[in-house]
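Data block for start-v2.cif (mmCIF, C-alpha atoms):
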```
data_protein
#
loop_
_atom_site.label_atom_id
_atom_site.label_comp_id
_atom_site.auth_asym_id
_atom_site.auth_seq_id
_atom_site.Cartn_x
_atom_site.Cartn_y
_atom_site.Cartn_z
CA MET O 1 -16.84 -25.67 9.85
CA ASP O 2 -18.95 -23.22 7.88
CA LEU O 3 -18.56 -19.65 6.66
CA ARG O 4 -20.63 -18.27 9.51
CA GLN O 5 -18.20 -19.73 12.04
CA LEU O 6 -15.25 -18.21 10.18
CA ARG O 7 -16.93 -14.79 10.14
CA THR O 8 -17.55 -15.07 13.87
CA PHE O 9 -13.96 -16.12 14.48
CA ILE O 10 -12.62 -13.11 12.54
CA GLN O 11 -14.85 -10.66 14.38
CA VAL O 12 -13.84 -12.02 17.80
CA ALA O 13 -10.18 -11.95 16.79
CA GLU O 14 -10.41 -8.34 15.57
CA THR O 15 -12.39 -7.01 18.54
CA GLY O 16 -10.79 -9.17 21.22
CA SER O 17 -14.19 -9.59 22.85
CA LEU O 18 -17.26 -11.77 22.42
CA THR O 19 -19.43 -8.86 23.56
CA ARG O 20 -18.07 -6.41 20.98
CA ALA O 21 -18.17 -9.06 18.25
CA ALA O 22 -21.81 -9.79 19.10
CA ASP O 23 -22.60 -6.08 18.75
CA ARG O 24 -20.93 -5.99 15.34
CA LEU O 25 -22.79 -9.08 14.13
CA ASN O 26 -26.08 -8.06 15.74
CA THR O 27 -26.44 -11.31 17.64
CA VAL O 28 -26.03 -12.59 21.19
CA GLN O 29 -22.83 -13.62 22.94
CA PRO O 30 -23.77 -17.27 23.69
CA THR O 31 -24.28 -17.90 19.97
CA LEU O 32 -20.79 -16.67 19.15
CA SER O 33 -19.27 -18.56 22.06
CA ARG O 34 -20.85 -21.78 20.80
CA GLN O 35 -19.51 -21.21 17.25
CA ILE O 36 -15.99 -20.62 18.57
CA ARG O 37 -16.16 -23.83 20.65
CA MET O 38 -17.31 -25.77 17.56
CA LEU O 39 -14.31 -24.49 15.62
CA GLU O 40 -11.93 -25.40 18.42
CA GLU O 41 -13.43 -28.89 18.63
CA GLU O 42 -13.10 -29.36 14.89
CA PHE O 43 -9.44 -28.29 14.82
CA GLY O 44 -8.63 -29.98 18.12
CA THR O 45 -6.93 -26.95 19.61
CA GLU O 46 -7.72 -23.76 21.46
CA LEU O 47 -7.96 -20.71 19.22
CA PHE O 48 -8.24 -18.13 21.99
CA GLU O 49 -6.89 -17.52 25.45
CA ARG O 50 -9.75 -16.38 27.69
CA GLN O 51 -8.46 -13.42 29.70
CA GLY O 52 -11.13 -12.06 32.00
CA ARG O 53 -13.46 -10.27 29.65
CA GLY O 54 -11.05 -10.41 26.72
CA MET O 55 -10.11 -12.96 24.07
CA LYS O 56 -6.53 -13.24 22.81
CA LEU O 57 -5.52 -15.41 19.86
CA THR O 58 -3.33 -18.42 20.52
CA GLU O 59 -0.59 -19.31 18.05
CA ALA O 60 -3.04 -21.68 16.32
CA GLY O 61 -5.69 -18.96 16.27
CA ASP O 62 -3.28 -16.49 14.76
CA ARG O 63 -2.53 -18.90 11.92
CA LEU O 64 -6.19 -19.65 11.35
CA LEU O 65 -6.99 -15.94 11.12
CA GLU O 66 -4.85 -15.58 8.02
CA HIS O 67 -6.52 -18.59 6.37
CA ALA O 68 -10.01 -17.49 7.39
CA ARG O 69 -9.61 -14.07 5.82
CA ALA O 70 -8.29 -15.62 2.62
CA ILE O 71 -11.17 -18.11 2.45
CA LEU O 72 -13.84 -15.44 2.88
CA ARG O 73 -12.18 -13.22 0.29
CA GLU O 74 -12.13 -16.10 -2.21
CA VAL O 75 -15.83 -16.71 -1.58
CA GLU O 76 -16.53 -13.02 -2.09
CA HIS O 77 -14.52 -13.01 -5.32
CA ALA O 78 -16.38 -16.09 -6.59
CA ARG O 79 -19.73 -14.40 -5.97
CA ALA O 80 -18.56 -11.24 -7.74
CA ASP O 81 -17.29 -13.19 -10.77
CA LEU O 82 -20.59 -15.01 -11.18
CA LEU O 83 -22.51 -11.74 -10.94
CA ALA O 84 -20.19 -10.26 -13.57
CA LEU O 85 -21.56 -12.81 -16.04
CA ARG O 86 -24.85 -10.93 -15.76
CA GLY O 87 -23.13 -7.61 -16.43
CA ALA O 88 -22.89 -6.40 -12.83
CA ILE O 89 -19.45 -5.35 -11.59
CA THR O 90 -19.50 -6.10 -7.88
CA GLY O 91 -17.14 -7.36 -5.22
CA SER O 92 -14.26 -5.66 -3.50
CA VAL O 93 -10.72 -4.51 -4.17
CA VAL O 94 -8.09 -4.14 -1.46
CA CYS O 95 -5.22 -2.13 -2.89
CA GLY O 96 -1.89 -1.44 -1.22
CA VAL O 97 -0.24 1.88 -2.02
CA ILE O 98 3.18 3.31 -1.16
CA PRO O 99 2.92 6.57 0.84
CA SER O 100 4.95 8.60 -1.66
CA LEU O 101 2.64 7.97 -4.59
CA GLY O 102 0.97 11.28 -3.81
CA ASP O 103 -2.65 12.31 -3.45
CA ARG O 104 -2.49 14.21 -6.73
CA ALA O 105 -2.08 10.96 -8.63
CA LEU O 106 -4.36 8.80 -6.51
CA VAL O 107 -7.36 10.87 -5.39
CA PRO O 108 -8.76 11.69 -8.87
CA PHE O 109 -8.57 8.03 -9.82
CA VAL O 110 -10.35 6.86 -6.66
CA ARG O 111 -13.19 9.31 -7.24
CA SER O 112 -13.58 8.25 -10.86
CA PHE O 113 -13.39 4.53 -10.12
CA VAL O 114 -15.99 4.66 -7.34
CA GLU O 115 -18.35 6.77 -9.44
CA ASN O 116 -18.08 4.36 -12.39
CA ASN O 117 -18.25 1.21 -10.24
CA PRO O 118 -20.68 1.98 -7.40
CA LEU O 119 -21.18 -1.68 -6.47
CA VAL O 120 -17.45 -2.33 -5.90
CA SER O 121 -16.10 -1.86 -2.37
CA LEU O 122 -12.67 -0.25 -2.50
CA ARG O 123 -10.20 -0.24 0.40
CA LEU O 124 -6.80 1.46 0.22
CA VAL O 125 -3.99 0.33 2.51
CA THR O 126 -0.88 2.50 2.79
CA GLY O 127 2.45 0.86 3.51
CA TYR O 128 6.06 0.65 2.46
CA ALA O 129 6.96 -1.62 -0.42
CA GLY O 130 8.31 -4.48 1.70
CA PHE O 131 5.14 -4.64 3.77
CA LEU O 132 2.92 -4.46 0.70
CA ILE O 133 4.67 -7.43 -0.87
CA GLU O 134 4.32 -9.41 2.35
CA TRP O 135 0.60 -8.58 2.63
CA LEU O 136 0.08 -9.45 -1.03
CA GLY O 137 1.66 -12.85 -0.46
CA ARG O 138 -0.54 -13.42 2.60
CA ARG O 139 -3.66 -12.57 0.56
CA GLN O 140 -4.41 -9.50 2.63
CA LEU O 141 -4.18 -7.42 -0.56
CA ASP O 142 -5.55 -8.04 -4.05
CA ILE O 143 -3.19 -5.64 -5.80
CA ALA O 144 -0.42 -3.21 -4.93
CA ILE O 145 1.05 -0.04 -6.43
CA LEU O 146 4.72 0.37 -5.59
CA TYR O 147 8.30 0.66 -6.82
CA ASP O 148 9.66 -1.87 -9.26
CA LEU O 149 11.86 -4.08 -7.07
CA PRO O 150 14.01 -7.17 -7.85
CA THR O 151 11.90 -9.17 -5.36
CA LEU O 152 8.84 -8.86 -7.65
CA SER O 153 10.02 -11.55 -10.08
CA SER O 154 7.47 -14.04 -8.72
CA TYR O 155 4.53 -11.65 -9.25
CA ASP O 156 2.61 -10.34 -12.23
CA VAL O 157 4.08 -6.88 -12.70
CA VAL O 158 2.40 -4.27 -14.90
CA PRO O 159 4.76 -1.31 -15.61
CA MET O 160 3.01 2.05 -15.50
CA VAL O 161 5.16 5.12 -15.17
CA GLU O 162 8.74 6.24 -14.65
CA GLU O 163 9.45 9.49 -12.83
CA PRO O 164 12.56 11.37 -11.74
CA LEU O 165 13.41 12.08 -8.15
CA PHE O 166 13.57 15.68 -6.92
CA VAL O 167 15.78 17.30 -4.33
CA VAL O 168 13.45 19.09 -1.91
CA ALA O 169 14.34 21.89 0.51
CA SER O 170 12.94 25.03 2.12
CA PRO O 171 12.03 28.02 -0.09
CA ARG O 172 15.12 29.79 1.28
CA ALA O 173 17.34 27.17 -0.35
CA GLY O 174 16.30 28.59 -3.72
CA LEU O 175 16.10 25.32 -5.62
CA ASP O 176 14.62 25.71 -9.11
CA ILE O 177 12.85 22.95 -11.06
CA GLY O 178 14.57 24.29 -14.16
CA VAL O 179 18.05 23.90 -12.68
CA PRO O 180 18.96 20.28 -11.83
CA VAL O 181 21.03 19.46 -8.75
CA LYS O 182 23.98 17.12 -9.13
CA LEU O 183 24.08 14.05 -6.90
CA ALA O 184 27.55 15.10 -5.67
CA THR O 185 26.01 18.26 -4.18
CA LEU O 186 24.16 16.17 -1.62
CA ALA O 187 27.44 15.22 0.04
CA SER O 188 27.86 18.78 1.31
CA VAL O 189 24.37 19.51 2.69
CA PRO O 190 22.55 17.94 5.66
CA MET O 191 20.07 15.34 4.40
CA VAL O 192 16.81 13.96 5.76
CA MET O 193 16.32 10.51 4.24
CA PRO O 194 14.28 7.34 4.82
CA SER O 195 15.97 4.42 6.54
CA PRO O 196 18.19 2.14 4.38
CA GLN O 197 15.51 -0.55 3.89
CA HIS O 198 13.15 1.98 2.30
CA GLY O 199 12.77 1.60 -1.48
CA LEU O 200 13.44 5.25 -2.28
CA ARG O 201 16.56 5.29 -0.08
CA LYS O 202 17.84 2.20 -1.88
CA LEU O 203 17.52 3.97 -5.23
CA VAL O 204 19.48 6.99 -4.02
CA ASP O 205 22.11 4.94 -2.15
CA LYS O 206 22.69 2.75 -5.21
CA ALA O 207 23.30 5.80 -7.40
CA ALA O 208 25.54 7.36 -4.74
CA GLN O 209 27.67 4.23 -4.41
CA ARG O 210 28.01 3.96 -8.18
CA HIS O 211 29.35 7.54 -8.35
CA ASN O 212 31.42 7.48 -5.14
CA VAL O 213 29.20 10.00 -3.39
CA ARG O 214 28.74 9.81 0.37
CA LEU O 215 25.48 11.38 1.51
CA SER O 216 25.51 13.53 4.63
CA VAL O 217 22.43 12.02 6.28
CA ARG O 218 21.52 14.04 9.36
CA VAL O 219 18.21 12.36 10.21
CA GLU O 220 16.49 9.20 9.01
CA ALA O 221 12.70 9.41 8.86
CA ASP O 222 10.38 6.91 7.17
CA SER O 223 7.40 9.24 7.40
CA LEU O 224 6.85 11.21 4.21
CA GLN O 225 5.26 14.06 6.16
CA THR O 226 8.22 14.20 8.55
CA GLN O 227 10.66 14.37 5.65
CA LEU O 228 8.64 17.15 4.04
CA GLU O 229 8.25 19.17 7.24
CA LEU O 230 11.94 18.97 8.12
CA ALA O 231 12.88 20.01 4.58
CA ARG O 232 10.26 22.79 4.49
CA THR O 233 11.52 24.32 7.73
CA GLY O 234 15.16 24.28 6.63
CA PHE O 235 16.42 21.45 8.82
CA GLY O 236 17.88 19.66 5.82
CA TRP O 237 17.32 18.63 2.21
CA THR O 238 15.54 15.46 1.17
CA VAL O 239 14.82 13.47 -1.99
CA LEU O 240 11.26 12.70 -3.05
CA PRO O 241 9.30 12.05 -6.24
CA PRO O 242 7.58 15.16 -7.68
CA SER O 243 4.17 13.51 -7.48
CA ALA O 244 4.50 13.46 -3.68
CA VAL O 245 5.28 17.18 -3.33
CA ALA O 246 3.25 18.74 -6.14
CA ALA O 247 0.84 20.56 -3.81
CA GLU O 248 3.59 21.96 -1.56
CA LEU O 249 5.58 23.06 -4.61
CA ALA O 250 2.57 24.79 -6.14
CA ASP O 251 1.95 26.66 -2.86
CA ARG O 252 5.64 27.61 -2.67
CA GLN O 253 6.02 25.96 0.71
CA ILE O 254 9.16 24.27 -0.58
CA SER O 255 11.68 24.59 -3.37
CA ALA O 256 12.70 21.62 -5.50
CA ALA O 257 14.90 20.59 -8.39
CA PRO O 258 15.48 17.41 -10.41
CA LEU O 259 18.30 15.18 -9.20
CA CYS O 260 20.85 14.64 -11.95
CA GLU O 261 24.30 13.28 -12.79
CA PRO O 262 23.01 10.73 -12.60
CA GLU O 263 19.31 11.17 -13.13
CA VAL O 264 17.68 8.91 -10.55
CA LEU O 265 14.40 7.40 -11.70
CA ARG O 266 11.80 5.29 -9.96
CA ARG O 267 9.41 2.99 -11.78
CA ILE O 268 5.87 2.68 -10.50
CA VAL O 269 4.21 -0.65 -11.22
CA LEU O 270 0.98 -2.51 -10.52
CA VAL O 271 1.67 -5.82 -8.81
CA LEU O 272 -0.71 -8.78 -8.74
CA PRO O 273 -0.20 -12.31 -7.39
CA ILE O 274 0.16 -15.06 -9.97
CA ASP O 275 -0.75 -17.94 -7.63
CA ARG O 276 -4.47 -17.23 -7.77
CA SER O 277 -7.02 -16.04 -10.30
CA GLN O 278 -8.05 -12.43 -10.12
CA PRO O 279 -11.73 -11.55 -9.58
CA TYR O 280 -13.34 -9.39 -12.21
CA SER O 281 -13.45 -6.36 -9.88
CA VAL O 282 -9.65 -6.46 -9.48
CA ARG O 283 -9.13 -6.79 -13.23
CA VAL O 284 -11.40 -3.80 -13.81
CA PHE O 285 -9.49 -1.82 -11.16
CA SER O 286 -6.12 -2.72 -12.69
CA ASP O 287 -7.17 -1.72 -16.22
CA ALA O 288 -8.74 1.52 -15.00
CA MET O 289 -5.65 2.49 -13.01
CA ALA O 290 -3.34 1.88 -15.97
CA GLU O 291 -5.60 3.96 -18.22
CA HIS O 292 -5.78 6.76 -15.63
CA VAL O 293 -1.99 6.96 -15.33
CA LEU O 294 -1.59 7.01 -19.12
CA SER O 295 -4.13 9.83 -19.44
CA MET O 296 -2.62 11.79 -16.56
CA VAL O 297 0.90 11.68 -17.98
CA ARG O 298 -0.27 12.62 -21.49
CA LYS O 299 -2.12 15.65 -20.11
CA GLY O 300 0.87 16.82 -18.08
CA GLY O 301 -0.78 16.05 -14.76
CA TRP O 302 2.19 14.05 -13.47
CA PRO O 303 5.29 16.31 -13.46
CA GLY O 304 8.32 14.77 -15.12
CA ALA O 305 6.72 11.35 -15.54
CA ARG O 306 7.04 9.11 -18.57
CA VAL O 307 4.83 6.19 -19.49
CA ILE O 308 6.74 2.89 -19.52
CA SER O 309 6.17 1.29 -22.89
#
```
Would you mind giving the structure from this file in structure tokens?
Amino acid sequence: MDLRQLRTFIQVAETGSLTRAADRLNTVQPTLSRQIRMLEEEFGTELFERQGRGMKLTEAGDRLLEHARAILREVEHARADLLALRGAITGSVVCGVIPSLGDRALVPFVRSFVENNPLVSLRLVTGYAGFLIEWLGRRQLDIAILYDLPTLSSYDVVPMVEEPLFVVASPRAGLDIGVPVKLATLASVPMVMPSPQHGLRKLVDKAAQRHNVRLSVRVEADSLQTQLELARTGFGWTVLPPSAVAAELADRQISAAPLCEPEVLRRIVLVLPIDRSQPYSVRVFSDAMAEHVLSMVRKGGWPGARVIS
């Protein structure tokens, strides 16, 4: 087995076709077919089911795919670390991000990071916290930005910022960011909330249970945009972090107010695996993100946020 065979295997698995994989790799189909057969002979099992013109992973192939991606990423990280000794920051960073982080917080950082590190390939993957943790454990991510959860105890967690949650509704609701809304108020209005396994919902439900408040949830929607649109059009109220609705609030598409009694806070953290060394590009990314958040909060660019000391 060599790295070329693993790259071929990944391409065939992702495209489901020797022909399409050959186009991607700029080679001919018989070459790829031979490399796949060599891998199958080495492992003593079929990695693909041949289905007409398509290729579908077997159970063994599906397991190998996870390992193959991890192996190639480790090789890439090793190359980048050695180049860093000569002063060149290269390599790649695959970062998982929760949807509600908000473009206002993320986009300026991405622009700055790419401009300052032109040789680093950056890929952002959006997903809910549970998925991000799973992908981090499977080495599909290098780093993740998400809520601080109890399940993170086996990871390297870098606290960044703490922000309040806002009640969000249509402009007609007349919510005012200077007039907090009590948690008990949410029992008497129709709510649009994420499903119970969602991190933000867990925060709100925990506070509600602690204060004997029963939310009147009319619709459950895990899509941030769906929550926003339903709230904006007056279908119901929702609860979101201010960083996720800053643009809509500035354009007066919605009205919003801090959630209080109790104040419900979410902590945003950087999460890295501790079972493997981090390539230099990931360390640079982590440090730059922490510095960006600190600067943003100090300049008032993150409404209501506080740096976690």
Checklist line | Answer key for the PyMOL selection byres ((chain O and resi 281) around 12), residues as a ChimeraX atom specification | finding: /O:76-84,87-95,113-114,116-122,142-143,277-280,282-288
Item checked: Residues matched by the PyMOL selection byres ((chain O and resi 230-236) around 8), written as a PyMOL selection string -> chain O and resi 168-173+189-192+218+226-229+237-238+253-254
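Across the model, the gap from atom CA of O:Thr185 to atom CA of O:Leu101 is 25.5 Å.
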Next item on the list: Evaluate the PyMOL selection byres ((chain O and resi 200-203) around 12) here and jot the selected residues down as a PyMOL selection string.
Entry: chain O and resi 98-101+128-130+146-150+164-166+191-199+204-210+215+217+220-222+224+238-241+259+262-268
Item checked: Residue with smallest distance to O:Leu294 - pool O:Glu41, O:Asp103, O:Glu162, O:Glu14, counting all atoms listed in the file -> O:Glu162
Item checked: Long-range neighbours of O:Asp275 as a ChimeraX atom specification, 12 Å cut-off, only C-alpha atoms, 3 positions minimum in chain -> /O:136-139,142,154-156,272,278
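Note that the spacing between atom CA of O:Arg4 and atom CA of O:Ile274 amounts to 28.7 Å.
Of the listed residues (O:Gln140, O:Ser223, O:Asn26, O:Ser216), O:Gln140 comes nearest to O:Arg69; the distances count all atoms listed in the file.
Between atom CA of O:Cys260 and atom CA of O:Lys182 the separation is 4.9 Å.
Here the question is which of O:Leu64, O:Leu18, O:Val75, O:Met160 gets nearest to O:Gly52 using only C-alpha atoms, and that residue is O:Leu18.
Counting all atoms listed in the file and comparing O:Met296, O:Ala290, O:Leu270, O:Val179, the residue that lies closest to O:Pro258 is O:Val179.
Between O:Val110 and the candidates O:Ala68, O:Leu25, O:Leu183, O:Leu124, the tightest atom-to-atom separation, counting all atoms listed in the file, involves O:Leu124.
Nearest residue to O:Gln51, choosing from O:Gly16, O:Pro242, O:Pro159, O:Pro303 and counting only C-alpha atoms: O:Gly16.
All residues of protein, DNA or RNA that reach within 10 Å of O:Thr31, judged by all atoms listed in the file and not counting those fewer than 5 positions away in the chain, are O:Thr8, O:Leu18, O:Ala22, O:Ile36.
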